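The structure appears right after this line, and notes come after that.
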Amino acid sequence: MLRLALKMLMGDRAKYAGLIFGITFTSFLVTFAFSYFCGFMTRGFALIAENPVANVWVMDPAVESPEQTINLPDSALNRVRSIEGVNAAWPLALSTAVARFPNGRFQPFQVICADDATLAGVPALKDGASPAMLRAPDAVIVDPGGTDGKLETPILKSDQWPSGEPHLNAPTRELAVGDELLINDRRVLIRARSDALPRYPPLPLLYTTFPNCARILLPEPHLLTFVLATAAPGVFPSDLAARIHDRTGLKARSSEDFKADTVRWFLINSEDVGDIAAMLSLAMSVGFGVTGVMLYMFTNESLKQYAVLKAMGASSRLLLTMILAQAGLCALLGTGLGLGLCGIVGQLAIDQANYPFRMMWFTPVVGAVMVLLVSLVAAAISARPVLKLEPGVVFAGR
Amino acid sequence: MESTHNAAAPEEQFAVQCRGVTKSYGTGDARVLALRGIDLDVRPGELLMLVGPSGCGKTTLISVITAILSQDSGNCEVLGRDLQAMNKKERTRFRGSSIGFVFQFFNLLPALNALENVSVPLLINGQSRGSAETRAREVLAEVDLGTRLRSLPAQLSGGQQQRVAISRALVHDPKLIVCDEPTSNLDHDTGRSVMTILRGIAKSPGRALIVVTHDPRIFEFADRIAHMDDGKIIDVVDGKNRERTQ
Ligand SMILES: Nc1ncnc2c1ncn2[C@@H]1O[C@H](COP(=O)(O)OP(=O)(O)O)[C@@H](O)[C@H]1O
Ligand SMILES: [Mg+2]
């Protein structure tokens, strides 16, 4: 009977196609929205991901994400280093600075100060540049940090550092090694371009060493945002984090926990989460609408057929199973198509627009569960008239 | 006349036995008394026609007899079962196992081919697809549709569709077959050939047919004709000599 139910469904090509389309659309939108969410969450903890060597992050007790930070006293580094189970510990500082470009334009940057000794925290560099050149005075690395067209400098020498009015409309090219910027009235020299992970929210990045930071940045009481540590062999990062917290009173989190904290922080504090939730609920309601209406129309127009089956002794359970089988087939096909489509479109979005899109293992699962929910509800709604159906309608004149 | 049909066991002397059956629709001012005390016997092996003006209650009566509707009062025994005593589930199962239906508009499932359409009652009764289709093939061959097994209803003529529908009504070997205006949608000759088939089916021992019709041209196929008006059986006549028998 189930085979026949599916044949009944496929017999009505237009509505079958509409149903599949509705579910494909739902699964596509849900997965896409969810992948977008994962994508920008991943960008939200890019700094943590960029330091994969660090097992444990130590910070001020009030810090909840790398997005909003306050600095630590300089003594924190040595206090962490003295704790047993810490294999190595090094500093990392975050700050912001407004840089002036050669044509007079200005642009805020996130400044990331890396440990002078180990150069840990410097991302992969382009064109085989060596991180060691950062130790030269006033040497910096710039990175778009997920932004587009924010690192532009005039092509013509005559437009650079003009006296008088800035040449804001001069033709530009992208910043390159050898270009200079002005930060707090101090010239810094770009010594390399990097391939850092794109950030969320997007912001151009400027990497340099602690001594250079001290030269470039305005005087700050402390220049230490995080102490990064690796655990000794056999020590679990979360155990080490707990120990560091006990001994220092500072907040210490394993890198995995800190990523989770960051996601939670964005969920609570980012307006974009609301946008994504809106996108998800839109996807769901459009999906509910299209799928529900299509399935409802299909069963409704087949009511007479169901009445015939009912008259011939088909139980409510059998009819319900038939409708569920029909919805199930559509759900399966639609989910597959939607996920496939999402993968393709997502890859295009990454390649073409550097879009924050990340399909994680649970994304298709969430998509499938949502679609299943949508189809089940749609099936339940359309099953109602069938179950309430009076089989007497099959007779002439009814 | 009556005794010659008594092939069945004594307790199943009647395929259908209705006494004082009433049925109304609606309540209050909108209440319509569709059946006003029906007494009707249908014997195994006979083809009984139910005729009467539109709105006189024919459909309501066959709905009660086939356990689709339940009567308000009175007694109705069908194939030895008291319908009133059955719950909804039992009535559904009873319809599926013991009753065949033929409808005016054929009511075949349009997406299914002839073979699948005829298999449906067996599948509903829980048979496997293989055995259902084997049996369906046999029955379709009996009505000369052995070569149109894979045809969809839309690819068949009206007469062929009604033959598929008859095969479907027959395939699970029900003891009562109810036909609701089976020839109204067919031309004269096709109608007659359909009636010839139905006539033949009724010959099978222990099977009874009730045919609701408007069509006087097919009265000759009846063993007996029950005339209905205004919710009552007004008389029952012998089909061949058109004499009163009840
Ligand atoms: N579902 C219903 N609700 C209300 N009245 C009905 C319903 N079905 C039938 N009737 C009424 O019951 C009477 C008998 O109808 P029906 O059994 O269909 O007669 P027939 O089949 O002989 O034309 C008619 O007056 C009809 O209007
Ligand atoms: Mg009628």
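By convention here, the chains of the structure tokens are called A, B, ... in the order presented, each chain's residues are numbered starting at 1, and ligands are numbered starting at 1 in the order presented.
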Exercise. Output as a PyMOL selection string all residues of stretch 18-231 of chain A that backbone DSSP marks as helix (DSSP H, G or I).
Key: chain A and resi 18-44+46-49+76-81+126-128+131-135+157-159+210-216
A:Arg187 surroundings by only C-alpha atoms, 9 Å radius, close-in-sequence under 5 positions cut, as a PDB file with N, CA and C atoms, in the first residue's frame:
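See around.pdb below for the written result:
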ATOM      1  N   ASP A 138      59.472  49.367  14.156  1.00  0.00           N
ATOM      2  CA  ASP A 138      58.346  49.901  13.393  1.00  0.00           C
ATOM      3  C   ASP A 138      57.894  49.008  12.246  1.00  0.00           C
ATOM      4  N   GLU A 180      54.092  52.611   3.721  1.00  0.00           N
ATOM      5  CA  GLU A 180      54.131  53.132   5.088  1.00  0.00           C
ATOM      6  C   GLU A 180      52.758  53.657   5.494  1.00  0.00           C
ATOM      7  N   LEU A 181      52.484  53.555   6.797  1.00  0.00           N
ATOM      8  CA  LEU A 181      51.273  54.143   7.379  1.00  0.00           C
ATOM      9  C   LEU A 181      51.715  55.015   8.542  1.00  0.00           C
ATOM     10  N   LEU A 182      50.809  55.856   8.972  1.00  0.00           N
ATOM     11  CA  LEU A 182      51.111  56.735  10.100  1.00  0.00           C
ATOM     12  C   LEU A 182      50.181  56.360  11.253  1.00  0.00           C
ATOM     13  N   ILE A 216      54.544  52.180  19.036  1.00  0.00           N
ATOM     14  CA  ILE A 216      53.500  52.708  18.154  1.00  0.00           C
ATOM     15  C   ILE A 216      52.289  53.204  18.928  1.00  0.00           C
TER      16      ILE A 216
END
Site check for ligand 2: residues at most 9 Å away, only C-alpha atoms and all ligand atoms, as a compact mmCIF listing (two decimals) with N, CA and C atoms, in the first residue's frame:
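What ended up in pocket-v3.txt:
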# COMPACT_ATOMS: atom_id res chain seq x y z
N PHE A 395 -20.50 7.94 -2.81
CA PHE A 395 -21.67 7.52 -3.57
C PHE A 395 -22.17 8.62 -4.49
N ALA A 396 -22.93 8.20 -5.47
CA ALA A 396 -23.44 9.14 -6.47
C ALA A 396 -24.22 10.26 -5.80
N GLY A 397 -24.09 11.45 -6.30
CA GLY A 397 -24.87 12.58 -5.82
C GLY A 397 -24.36 13.17 -4.53
N ARG A 398 -23.18 12.75 -4.08
CA ARG A 398 -22.63 13.37 -2.88
C ARG A 398 -21.49 14.32 -3.24
N SER B 54 -34.98 10.50 -6.84
CA SER B 54 -33.82 11.12 -6.20
C SER B 54 -34.22 11.64 -4.82
N GLY B 55 -33.42 11.39 -3.83
CA GLY B 55 -33.68 11.90 -2.49
C GLY B 55 -34.55 10.97 -1.66
N CYS B 56 -34.90 9.81 -2.18
CA CYS B 56 -35.80 8.94 -1.43
C CYS B 56 -35.06 8.12 -0.37
N GLY B 57 -33.72 8.14 -0.40
CA GLY B 57 -32.98 7.47 0.67
C GLY B 57 -32.18 6.25 0.23
N LYS B 58 -32.03 6.05 -1.07
CA LYS B 58 -31.31 4.86 -1.55
C LYS B 58 -29.87 4.84 -1.05
N THR B 59 -29.20 5.97 -1.25
CA THR B 59 -27.79 6.03 -0.85
C THR B 59 -27.64 5.85 0.65
N THR B 60 -28.55 6.48 1.38
CA THR B 60 -28.51 6.34 2.83
C THR B 60 -28.66 4.87 3.22
N ASP B 180 -23.57 1.41 -6.86
CA ASP B 180 -24.31 2.66 -6.81
C ASP B 180 -24.39 3.24 -8.22
N GLU B 181 -25.56 3.09 -8.85
CA GLU B 181 -25.77 3.58 -10.21
C GLU B 181 -24.62 3.21 -11.15
N VAL B 212 -28.15 -0.04 -6.97
CA VAL B 212 -28.99 1.15 -6.95
C VAL B 212 -29.03 1.69 -8.37
N THR B 213 -30.21 1.95 -8.88
CA THR B 213 -30.26 2.45 -10.26
C THR B 213 -31.48 3.31 -10.52
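You will find atom 15 (O, counted along the ligand's line) of ligand 1 at 13.8 Å from atom CA of B:Ile233.
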Exercise. Compile the contact shell of A:Leu2 as a list in words: residues with an atom at most 7 Å away, counting only C-alpha atoms, same-chain residues fewer than 4 positions apart removed.
Key: Leu6, Met322 and Ala325 of chain A
Distance-based interface of chain B with chain A, 8 Å, counting only C-alpha atoms, as an mmCIF file with N, CA and C atoms, in the first residue's frame:
data_model
loop_
_atom_site.group_PDB
_atom_site.id
_atom_site.type_symbol
_atom_site.label_atom_id
_atom_site.label_comp_id
_atom_site.auth_asym_id
_atom_site.auth_seq_id
_atom_site.Cartn_x
_atom_site.Cartn_y
_atom_site.Cartn_z
ATOM 1 N N THR B 59 -29.198 5.975 -1.249
ATOM 2 C CA THR B 59 -27.788 6.031 -0.852
ATOM 3 C C THR B 59 -27.642 5.854 0.654
ATOM 4 N N SER B 63 -25.607 2.938 2.486
ATOM 5 C CA SER B 63 -24.548 3.342 3.423
ATOM 6 C C SER B 63 -24.714 2.626 4.759
ATOM 7 N N ILE B 68 -21.172 2.008 6.546
ATOM 8 C CA ILE B 68 -20.537 3.326 6.410
ATOM 9 C C ILE B 68 -21.231 4.312 7.336
ATOM 10 N N LEU B 69 -22.571 4.212 7.422
ATOM 11 C CA LEU B 69 -23.333 4.998 8.386
ATOM 12 C C LEU B 69 -23.974 4.041 9.368
ATOM 13 N N LYS B 89 -13.846 0.467 14.400
ATOM 14 C CA LYS B 89 -12.758 -0.336 13.838
ATOM 15 C C LYS B 89 -13.297 -1.602 13.183
ATOM 16 N N THR B 92 -15.001 -0.875 9.935
ATOM 17 C CA THR B 92 -14.029 -0.658 8.859
ATOM 18 C C THR B 92 -13.491 -1.993 8.359
ATOM 19 N N ARG B 93 -13.127 -2.855 9.301
ATOM 20 C CA ARG B 93 -12.565 -4.149 8.914
ATOM 21 C C ARG B 93 -13.617 -5.000 8.185
ATOM 22 N N PHE B 94 -14.843 -4.898 8.674
ATOM 23 C CA PHE B 94 -15.944 -5.642 8.048
ATOM 24 C C PHE B 94 -16.127 -5.208 6.584
ATOM 25 N N ARG B 95 -16.124 -3.882 6.365
ATOM 26 C CA ARG B 95 -16.236 -3.385 4.985
ATOM 27 C C ARG B 95 -15.107 -3.923 4.121
ATOM 28 N N GLY B 96 -13.901 -3.869 4.670
ATOM 29 C CA GLY B 96 -12.739 -4.283 3.893
ATOM 30 C C GLY B 96 -12.770 -5.747 3.535
ATOM 31 N N SER B 97 -13.282 -6.574 4.420
ATOM 32 C CA SER B 97 -13.192 -8.011 4.174
ATOM 33 C C SER B 97 -14.436 -8.571 3.501
ATOM 34 N N ILE B 99 -17.291 -6.722 1.908
ATOM 35 C CA ILE B 99 -18.147 -5.973 1.002
ATOM 36 C C ILE B 99 -17.339 -5.446 -0.182
ATOM 37 N N GLY B 100 -17.962 -5.530 -1.373
ATOM 38 C CA GLY B 100 -17.354 -4.947 -2.561
ATOM 39 C C GLY B 100 -18.180 -3.757 -3.008
ATOM 40 N N PHE B 101 -17.497 -2.733 -3.560
ATOM 41 C CA PHE B 101 -18.203 -1.527 -3.987
ATOM 42 C C PHE B 101 -17.972 -1.263 -5.474
ATOM 43 N N PHE B 103 -18.973 2.013 -8.038
ATOM 44 C CA PHE B 103 -19.530 3.360 -7.954
ATOM 45 C C PHE B 103 -19.932 3.886 -9.322
ATOM 46 N N GLN B 104 -20.779 4.921 -9.290
ATOM 47 C CA GLN B 104 -21.215 5.521 -10.549
ATOM 48 C C GLN B 104 -20.033 6.081 -11.346
ATOM 49 N N PHE B 105 -19.160 6.816 -10.645
ATOM 50 C CA PHE B 105 -18.038 7.441 -11.354
ATOM 51 C C PHE B 105 -16.783 6.583 -11.270
ATOM 52 N N ASN B 107 -14.533 5.731 -9.696
ATOM 53 C CA ASN B 107 -13.669 6.002 -8.546
ATOM 54 C C ASN B 107 -12.438 5.117 -8.479
ATOM 55 N N LEU B 108 -11.829 4.920 -9.647
ATOM 56 C CA LEU B 108 -10.521 4.263 -9.640
ATOM 57 C C LEU B 108 -9.486 5.297 -9.221
ATOM 58 N N LEU B 109 -8.366 4.827 -8.666
ATOM 59 C CA LEU B 109 -7.313 5.767 -8.292
ATOM 60 C C LEU B 109 -6.531 6.107 -9.566
ATOM 61 N N PRO B 110 -6.552 7.375 -9.981
ATOM 62 C CA PRO B 110 -6.076 7.729 -11.324
ATOM 63 C C PRO B 110 -4.584 7.482 -11.541
ATOM 64 N N ALA B 111 -3.798 7.476 -10.471
ATOM 65 C CA ALA B 111 -2.351 7.310 -10.654
ATOM 66 C C ALA B 111 -1.956 5.837 -10.748
ATOM 67 N N LEU B 112 -2.911 4.948 -10.446
ATOM 68 C CA LEU B 112 -2.573 3.524 -10.420
ATOM 69 C C LEU B 112 -3.117 2.835 -11.662
ATOM 70 N N GLU B 116 -2.937 -2.505 -10.303
ATOM 71 C CA GLU B 116 -2.767 -1.964 -8.953
ATOM 72 C C GLU B 116 -4.107 -1.581 -8.338
ATOM 73 N N VAL B 120 -5.879 -3.228 -4.691
ATOM 74 C CA VAL B 120 -6.025 -2.420 -3.471
ATOM 75 C C VAL B 120 -6.801 -3.127 -2.348
ATOM 76 N N PRO B 121 -7.993 -3.723 -2.616
ATOM 77 C CA PRO B 121 -8.717 -4.339 -1.491
ATOM 78 C C PRO B 121 -7.916 -5.453 -0.816
ATOM 79 N N LEU B 123 -4.604 -5.592 -0.650
ATOM 80 C CA LEU B 123 -3.534 -4.946 0.118
ATOM 81 C C LEU B 123 -4.093 -4.375 1.417
ATOM 82 N N ILE B 124 -5.297 -3.790 1.327
ATOM 83 C CA ILE B 124 -5.934 -3.270 2.540
ATOM 84 C C ILE B 124 -6.142 -4.390 3.546
ATOM 85 N N ASP B 180 -23.566 1.411 -6.863
ATOM 86 C CA ASP B 180 -24.310 2.660 -6.811
ATOM 87 C C ASP B 180 -24.386 3.236 -8.220
ATOM 88 N N GLU B 181 -25.562 3.090 -8.855
ATOM 89 C CA GLU B 181 -25.770 3.582 -10.206
ATOM 90 C C GLU B 181 -24.623 3.206 -11.149
#
Exercise. Find the spatial neighbours of A:Val235, counting only C-alpha atoms, within a cut-off of 12 Å - ignore same-chain residues fewer than 2 positions away - and output them as a list of chain:residue names.
Key: A:Asn55, A:Val56, A:Glu84, A:Gly85, A:Val86, A:Asn87, A:Ala229, A:Thr230, A:Ala231, A:Ala232, A:Pro233, A:Pro237, A:Ser238, A:Asp239, A:Leu240, A:Ala241, A:Ala242, A:Arg243, A:Ser254
Quiz prompt | B:Ala208 surroundings by only C-alpha atoms, 12 Å radius, close-in-sequence under 6 positions cut, as a ChimeraX atom specification | solution = /B:5-8,12-16,41-49,78-79,98-100,170,173-179,198-202,222-224
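The interatomic distance for the pair atom CA of B:Ser151 and atom CA of A:Leu19 works out to 26.3 Å.
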Quiz item: Could you pull out the strand (DSSP E or B) residues of stretch 67-120 of chain A from DSSP and send them as a ChimeraX atom specification?
Solution: /A:68,86-100,106-114
Just N, CA and C atoms for this one: save the residues we selected as a JSON list (two decimals), in the first residue's frame.
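Result file selection_14.json:
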[["chain", "number", "residue", "atom", "x", "y", "z"],
["A", 68, "GLN", "N", 35.66, 41.67, 23.33],
["A", 68, "GLN", "CA", 35.69, 42.78, 24.30],
["A", 68, "GLN", "C", 36.67, 42.41, 25.40],
["A", 86, "VAL", "N", 52.25, 23.88, 33.54],
["A", 86, "VAL", "CA", 52.37, 24.81, 32.41],
["A", 86, "VAL", "C", 53.69, 24.51, 31.71],
["A", 87, "ASN", "N", 53.59, 24.16, 30.46],
["A", 87, "ASN", "CA", 54.79, 23.83, 29.71],
["A", 87, "ASN", "C", 55.47, 25.10, 29.23],
["A", 88, "ALA", "N", 54.66, 25.97, 28.63],
["A", 88, "ALA", "CA", 55.19, 27.25, 28.15],
["A", 88, "ALA", "C", 54.07, 28.26, 28.26],
["A", 89, "ALA", "N", 54.42, 29.52, 28.44],
["A", 89, "ALA", "CA", 53.41, 30.58, 28.48],
["A", 89, "ALA", "C", 54.00, 31.81, 27.82],
["A", 90, "TRP", "N", 53.18, 32.49, 27.06],
["A", 90, "TRP", "CA", 53.66, 33.69, 26.36],
["A", 90, "TRP", "C", 52.54, 34.71, 26.29],
["A", 91, "PRO", "N", 52.88, 35.96, 26.08],
["A", 91, "PRO", "CA", 51.86, 37.01, 26.13],
["A", 91, "PRO", "C", 51.24, 37.30, 24.77],
["A", 92, "LEU", "N", 50.05, 37.85, 24.82],
["A", 92, "LEU", "CA", 49.38, 38.33, 23.62],
["A", 92, "LEU", "C", 48.59, 39.56, 24.04],
["A", 93, "ALA", "N", 48.71, 40.64, 23.25],
["A", 93, "ALA", "CA", 47.96, 41.83, 23.62],
["A", 93, "ALA", "C", 47.13, 42.31, 22.44],
["A", 94, "LEU", "N", 45.96, 42.81, 22.76],
["A", 94, "LEU", "CA", 45.09, 43.39, 21.73],
["A", 94, "LEU", "C", 44.92, 44.87, 22.01],
["A", 95, "SER", "N", 44.86, 45.62, 20.94],
["A", 95, "SER", "CA", 44.60, 47.05, 21.10],
["A", 95, "SER", "C", 43.98, 47.55, 19.80],
["A", 96, "THR", "N", 43.57, 48.81, 19.80],
["A", 96, "THR", "CA", 43.11, 49.37, 18.53],
["A", 96, "THR", "C", 43.89, 50.63, 18.27],
["A", 97, "ALA", "N", 44.04, 50.91, 16.99],
["A", 97, "ALA", "CA", 44.73, 52.14, 16.61],
["A", 97, "ALA", "C", 44.15, 52.61, 15.29],
["A", 98, "VAL", "N", 44.15, 53.94, 15.14],
["A", 98, "VAL", "CA", 43.68, 54.50, 13.88],
["A", 98, "VAL", "C", 44.91, 54.81, 13.04],
["A", 99, "ALA", "N", 44.95, 54.23, 11.85],
["A", 99, "ALA", "CA", 46.11, 54.45, 10.98],
["A", 99, "ALA", "C", 45.73, 55.43, 9.89],
["A", 100, "ARG", "N", 46.67, 56.34, 9.55],
["A", 100, "ARG", "CA", 46.44, 57.23, 8.42],
["A", 100, "ARG", "C", 47.18, 56.66, 7.21],
["A", 106, "PHE", "N", 41.90, 57.69, 6.83],
["A", 106, "PHE", "CA", 42.27, 56.98, 8.05],
["A", 106, "PHE", "C", 41.38, 55.77, 8.25],
["A", 107, "GLN", "N", 41.84, 54.81, 9.03],
["A", 107, "GLN", "CA", 41.16, 53.52, 9.15],
["A", 107, "GLN", "C", 41.52, 52.90, 10.50],
["A", 108, "PRO", "N", 40.51, 52.52, 11.30],
["A", 108, "PRO", "CA", 40.83, 51.82, 12.55],
["A", 108, "PRO", "C", 41.33, 50.39, 12.26],
["A", 109, "PHE", "N", 42.28, 49.97, 13.05],
["A", 109, "PHE", "CA", 42.84, 48.62, 12.96],
["A", 109, "PHE", "C", 42.75, 47.95, 14.32],
["A", 110, "GLN", "N", 42.64, 46.63, 14.30],
["A", 110, "GLN", "CA", 42.93, 45.92, 15.55],
["A", 110, "GLN", "C", 44.43, 45.63, 15.54],
["A", 111, "VAL", "N", 45.08, 46.00, 16.63],
["A", 111, "VAL", "CA", 46.52, 45.75, 16.72],
["A", 111, "VAL", "C", 46.72, 44.50, 17.56],
["A", 112, "ILE", "N", 47.48, 43.56, 17.04],
["A", 112, "ILE", "CA", 47.76, 42.32, 17.76],
["A", 112, "ILE", "C", 49.25, 42.26, 18.03],
["A", 113, "CYS", "N", 49.58, 42.29, 19.32],
["A", 113, "CYS", "CA", 50.99, 42.27, 19.70],
["A", 113, "CYS", "C", 51.42, 40.84, 19.99],
["A", 114, "ALA", "N", 52.43, 40.39, 19.24],
["A", 114, "ALA", "CA", 52.89, 39.03, 19.41],
["A", 114, "ALA", "C", 54.16, 39.01, 20.24]]
Name all residues at most 9 Å from A:Arg79 (count only C-alpha atoms; drop same-chain ones fewer than 5 positions away) and give them as a short mmCIF file (atom, residue, chain, number, x, y, z; two decimals) with N, CA and C atoms, in the first residue's frame.
data_model
loop_
_atom_site.label_atom_id
_atom_site.label_comp_id
_atom_site.auth_asym_id
_atom_site.auth_seq_id
_atom_site.Cartn_x
_atom_site.Cartn_y
_atom_site.Cartn_z
N ILE A 244 45.13 27.07 37.10
CA ILE A 244 45.60 28.45 36.93
C ILE A 244 44.62 29.41 37.60
N ARG A 247 45.11 29.29 41.40
CA ARG A 247 46.34 29.88 41.92
C ARG A 247 46.42 31.38 41.69
N THR A 248 45.84 31.87 40.56
CA THR A 248 46.07 33.28 40.22
C THR A 248 44.84 34.15 40.42
#
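Separating atom CA of B:Arg135 from atom CA of B:Val171 is a distance of 7.0 Å.
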Exercise. For each of A:Cys213, A:Leu389, A:Leu218, A:Ile344, take the minimum atom-to-atom distance to ligand 1, counting only C-alpha atoms and all ligand atoms, then give the residue where this is smallest.
Key: A:Leu389
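Nearest residue to B:Asp39, choosing from B:Pro53, B:Thr134, B:Asn75, B:Gly146 and counting only C-alpha atoms: B:Asn75.
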Quiz item: Got a sec: who's within 9 Å of A:Ala260, counting only C-alpha atoms, leaving out chain neighbours fewer than 5 positions off, as a VMD selection string?
Solution: chain A and resid 45 255 265
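Among the candidates B:Met228, B:Met195, B:Val164, B:Val236, the residue lying nearest to ligand 1 is B:Met228 (atoms considered: only C-alpha atoms and all ligand atoms).
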